[in-house]
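For reference, the structure is listed below as structure tokens.
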Amino acid sequence: MRFFVFLFAVVVFGDESFITIKEYGEAIYKRYEKLSCVDCHGQNAEGKTLAYYERKRKLEAIVAPKIRNLTSEELKNGLRKHSFGPSYYLSDAEIEALAAYLANP
Ligand code: HEC
């Protein structure tokens with residue numbers, strides 16, 4: 001599978017006329033598996049409040065934060081810390097494509 005992803009990345013990034021790195025990142029952001037980043041983090045990665053709940057008589061919110069303009073490293077660490085969001089197992093090439101897209105979605 002890793003090998004396939006690597007091959008895919010080479011094919012994708014090798015020929016600009018097929019799909020750009022930004023378009024590849026957009027595909028991951030919006031169409032990755034059944035629950036995509038866009039579903040929680042918003043159309044333009046601006047962040048979104050997902051739900052409210054009451055705790056000790058106070059209203060608390062579950063927020064998917066704004067994730068625009070993060071470096072690949074910040075994206076990787078954020079995904080590793082996901083407690084409410086799913087654990088995605090993205091390759092470095094996929095993270096880089098995501099960062100390229102999220103710099104200016
Ligand atoms: C089910 C909703 C959900 C989905 C889907 C989701 N996230 Fe999240 N994400 C969250 C929430 C909620 C947080 C806040 C931390 C936590 O509780 O997990 C978060 C935190 C993050 C952070 C850390 C941001 C920071 O400033 O600390 C990053 C980066 C991130 N998500 C990236 C992604 C990417 C990239 C995807 C898609 C591959 C994704 N998330 C999909 C809900 C989601």
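Scheme for the structure tokens: letters A, B, ... for chains in order shown; per-chain residue numbers from 1; ligand numbers from 1 in order shown.
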Give me the residues of region 57-76 of chain A that have any atom at most 7 Å from an atom of region 24-47 of chain A; for each, the nearest atom pair and the distance in Å, rounded to one decimal. Use only C-alpha atoms, sort by chain and number, and format it as JSON lines.
{"residue": "A:Ala64", "atom": "CA", "partner": "A:His41", "partner_atom": "CA", "distance": 5.3}
{"residue": "A:Pro65", "atom": "CA", "partner": "A:Gly47", "partner_atom": "CA", "distance": 4.4}
{"residue": "A:Lys66", "atom": "CA", "partner": "A:Gly47", "partner_atom": "CA", "distance": 3.9}
{"residue": "A:Ile67", "atom": "CA", "partner": "A:Ala45", "partner_atom": "CA", "distance": 5.5}
{"residue": "A:Arg68", "atom": "CA", "partner": "A:Ala45", "partner_atom": "CA", "distance": 5.7}
Could the residues in this selection be saved with N, CA and C atoms as an mmCIF file, in the first residue's frame?
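Okay, again_4.cif is ready:
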data_model
loop_
_atom_site.group_PDB
_atom_site.id
_atom_site.type_symbol
_atom_site.label_atom_id
_atom_site.label_comp_id
_atom_site.auth_asym_id
_atom_site.auth_seq_id
_atom_site.Cartn_x
_atom_site.Cartn_y
_atom_site.Cartn_z
ATOM 1 N N ALA A 64 -13.551 22.027 16.018
ATOM 2 C CA ALA A 64 -12.494 21.633 15.082
ATOM 3 C C ALA A 64 -11.829 22.943 14.680
ATOM 4 N N PRO A 65 -10.572 23.187 15.095
ATOM 5 C CA PRO A 65 -9.973 24.513 14.912
ATOM 6 C C PRO A 65 -9.652 24.843 13.449
ATOM 7 N N LYS A 66 -9.399 26.117 13.225
ATOM 8 C CA LYS A 66 -8.927 26.580 11.918
ATOM 9 C C LYS A 66 -7.589 25.894 11.631
ATOM 10 N N ILE A 67 -7.420 25.333 10.447
ATOM 11 C CA ILE A 67 -6.148 24.661 10.139
ATOM 12 C C ILE A 67 -5.541 25.171 8.830
ATOM 13 N N ARG A 68 -5.729 26.471 8.557
ATOM 14 C CA ARG A 68 -5.100 27.041 7.361
ATOM 15 C C ARG A 68 -3.671 27.417 7.682
#
What are the DSSP alpha helix (DSSP H) residues of chain A, as a PyMOL selection string? chain A and resi 2-14+21-31+37-41+72-81+92-102
Filtering to N, CA and C atoms, could you give me those residues as a short mmCIF file (atom, residue, chain, number, x, y, z; two decimals), in the first residue's frame?
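Final file, part31.cif:
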data_model
loop_
_atom_site.label_atom_id
_atom_site.label_comp_id
_atom_site.auth_asym_id
_atom_site.auth_seq_id
_atom_site.Cartn_x
_atom_site.Cartn_y
_atom_site.Cartn_z
N ARG A 2 1.86 1.30 0.90
CA ARG A 2 2.79 2.43 0.95
C ARG A 2 3.44 2.64 -0.42
N PHE A 3 3.84 1.52 -1.01
CA PHE A 3 4.51 1.58 -2.30
C PHE A 3 3.57 2.17 -3.34
N PHE A 4 2.33 1.75 -3.27
CA PHE A 4 1.33 2.25 -4.22
C PHE A 4 1.16 3.76 -4.05
N VAL A 5 1.05 4.21 -2.80
CA VAL A 5 0.88 5.63 -2.53
C VAL A 5 2.07 6.41 -3.08
N PHE A 6 3.27 5.86 -2.88
CA PHE A 6 4.48 6.53 -3.36
C PHE A 6 4.45 6.63 -4.89
N LEU A 7 4.11 5.51 -5.51
CA LEU A 7 4.02 5.49 -6.98
C LEU A 7 3.00 6.51 -7.46
N PHE A 8 1.87 6.53 -6.80
CA PHE A 8 0.80 7.45 -7.15
C PHE A 8 1.30 8.89 -7.06
N ALA A 9 2.02 9.18 -5.96
CA ALA A 9 2.54 10.53 -5.75
C ALA A 9 3.50 10.91 -6.87
N VAL A 10 4.33 9.98 -7.29
CA VAL A 10 5.29 10.26 -8.36
C VAL A 10 4.53 10.57 -9.65
N VAL A 11 3.54 9.74 -9.93
CA VAL A 11 2.74 9.94 -11.14
C VAL A 11 2.03 11.29 -11.07
N VAL A 12 1.44 11.56 -9.88
CA VAL A 12 0.67 12.80 -9.71
C VAL A 12 1.57 14.02 -9.82
N PHE A 13 2.69 14.02 -9.10
CA PHE A 13 3.52 15.23 -9.08
C PHE A 13 4.42 15.34 -10.30
N GLY A 14 4.61 14.23 -10.99
CA GLY A 14 5.51 14.25 -12.14
C GLY A 14 4.93 14.98 -13.34
N ILE A 21 -0.19 19.64 -7.26
CA ILE A 21 -0.04 19.22 -5.85
C ILE A 21 -1.19 19.81 -5.02
N LYS A 22 -1.63 21.02 -5.38
CA LYS A 22 -2.72 21.66 -4.65
C LYS A 22 -4.05 20.92 -4.87
N GLU A 23 -4.28 20.48 -6.11
CA GLU A 23 -5.51 19.72 -6.39
C GLU A 23 -5.49 18.37 -5.67
N TYR A 24 -4.30 17.78 -5.58
CA TYR A 24 -4.15 16.52 -4.86
C TYR A 24 -4.48 16.75 -3.37
N GLY A 25 -3.97 17.85 -2.82
CA GLY A 25 -4.25 18.20 -1.42
C GLY A 25 -5.74 18.45 -1.19
N GLU A 26 -6.39 19.10 -2.16
CA GLU A 26 -7.82 19.36 -2.05
C GLU A 26 -8.61 18.05 -2.03
N ALA A 27 -8.18 17.11 -2.86
CA ALA A 27 -8.85 15.80 -2.91
C ALA A 27 -8.75 15.10 -1.56
N ILE A 28 -7.59 15.20 -0.92
CA ILE A 28 -7.43 14.57 0.39
C ILE A 28 -8.30 15.31 1.41
N TYR A 29 -8.28 16.64 1.34
CA TYR A 29 -9.04 17.43 2.32
C TYR A 29 -10.54 17.16 2.23
N LYS A 30 -11.04 16.99 1.00
CA LYS A 30 -12.49 16.91 0.82
C LYS A 30 -13.05 15.52 0.59
N ARG A 31 -12.20 14.60 0.14
CA ARG A 31 -12.77 13.30 -0.23
C ARG A 31 -12.02 12.11 0.37
N CYS A 37 -11.70 15.73 6.26
CA CYS A 37 -11.31 16.92 7.01
C CYS A 37 -12.38 18.01 6.87
N VAL A 38 -12.86 18.19 5.64
CA VAL A 38 -13.80 19.28 5.35
C VAL A 38 -15.08 19.16 6.18
N ASP A 39 -15.49 17.93 6.51
CA ASP A 39 -16.72 17.74 7.27
C ASP A 39 -16.64 18.38 8.66
N CYS A 40 -15.47 18.37 9.24
CA CYS A 40 -15.31 18.95 10.59
C CYS A 40 -14.63 20.32 10.58
N HIS A 41 -13.61 20.49 9.73
CA HIS A 41 -12.84 21.74 9.78
C HIS A 41 -13.39 22.85 8.90
N SER A 72 3.80 21.36 7.21
CA SER A 72 3.58 19.91 7.17
C SER A 72 3.77 19.32 8.56
N GLU A 73 4.77 19.83 9.28
CA GLU A 73 5.09 19.33 10.63
C GLU A 73 3.92 19.60 11.59
N GLU A 74 3.36 20.81 11.52
CA GLU A 74 2.23 21.16 12.38
C GLU A 74 1.01 20.30 12.06
N LEU A 75 0.78 20.05 10.76
CA LEU A 75 -0.34 19.20 10.35
C LEU A 75 -0.17 17.79 10.90
N LYS A 76 1.06 17.29 10.76
CA LYS A 76 1.36 15.93 11.21
C LYS A 76 1.14 15.81 12.72
N ASN A 77 1.66 16.78 13.49
CA ASN A 77 1.50 16.75 14.95
C ASN A 77 0.03 16.90 15.35
N GLY A 78 -0.69 17.78 14.66
CA GLY A 78 -2.10 17.98 14.96
C GLY A 78 -2.88 16.69 14.75
N LEU A 79 -2.59 15.99 13.66
CA LEU A 79 -3.29 14.74 13.38
C LEU A 79 -2.94 13.68 14.40
N ARG A 80 -1.69 13.69 14.85
CA ARG A 80 -1.25 12.70 15.85
C ARG A 80 -2.01 12.91 17.16
N LYS A 81 -2.32 14.19 17.46
CA LYS A 81 -3.00 14.50 18.73
C LYS A 81 -4.52 14.41 18.63
N ASP A 92 3.90 11.10 4.04
CA ASP A 92 4.50 12.43 4.01
C ASP A 92 4.08 13.21 2.77
N ALA A 93 3.99 12.50 1.62
CA ALA A 93 3.59 13.17 0.37
C ALA A 93 2.16 13.70 0.48
N GLU A 94 1.30 12.93 1.14
CA GLU A 94 -0.09 13.37 1.30
C GLU A 94 -0.17 14.58 2.24
N ILE A 95 0.62 14.56 3.32
CA ILE A 95 0.65 15.69 4.26
C ILE A 95 1.15 16.95 3.54
N GLU A 96 2.19 16.80 2.71
CA GLU A 96 2.73 17.95 1.99
C GLU A 96 1.69 18.53 1.02
N ALA A 97 0.96 17.64 0.35
CA ALA A 97 -0.08 18.11 -0.57
C ALA A 97 -1.17 18.84 0.20
N LEU A 98 -1.53 18.31 1.37
CA LEU A 98 -2.53 18.97 2.21
C LEU A 98 -2.06 20.37 2.62
N ALA A 99 -0.80 20.47 3.05
CA ALA A 99 -0.25 21.76 3.48
C ALA A 99 -0.27 22.75 2.31
N ALA A 100 0.04 22.26 1.11
CA ALA A 100 0.04 23.14 -0.08
C ALA A 100 -1.38 23.65 -0.34
N TYR A 101 -2.34 22.77 -0.19
CA TYR A 101 -3.74 23.18 -0.42
C TYR A 101 -4.21 24.14 0.68
N LEU A 102 -3.89 23.82 1.93
CA LEU A 102 -4.40 24.61 3.06
C LEU A 102 -3.71 25.96 3.22
#
Selected residue, from A:Ala103, A:Leu50, A:Ile19, A:Leu59, that lies nearest to ligand 1 when counting only C-alpha atoms and all ligand atoms: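 Ranked by minimum distance to ligand 1, first place goes to A:Leu50.
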CA of Thr71 (chain A) to atom 7 (N, counted along the ligand's line) of ligand 1, straight-line distance in Å: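 Interatomic distance, atom 7 (N, counted along the ligand's line) of ligand 1 to CA of Thr71 (chain A): 16.4 Å.
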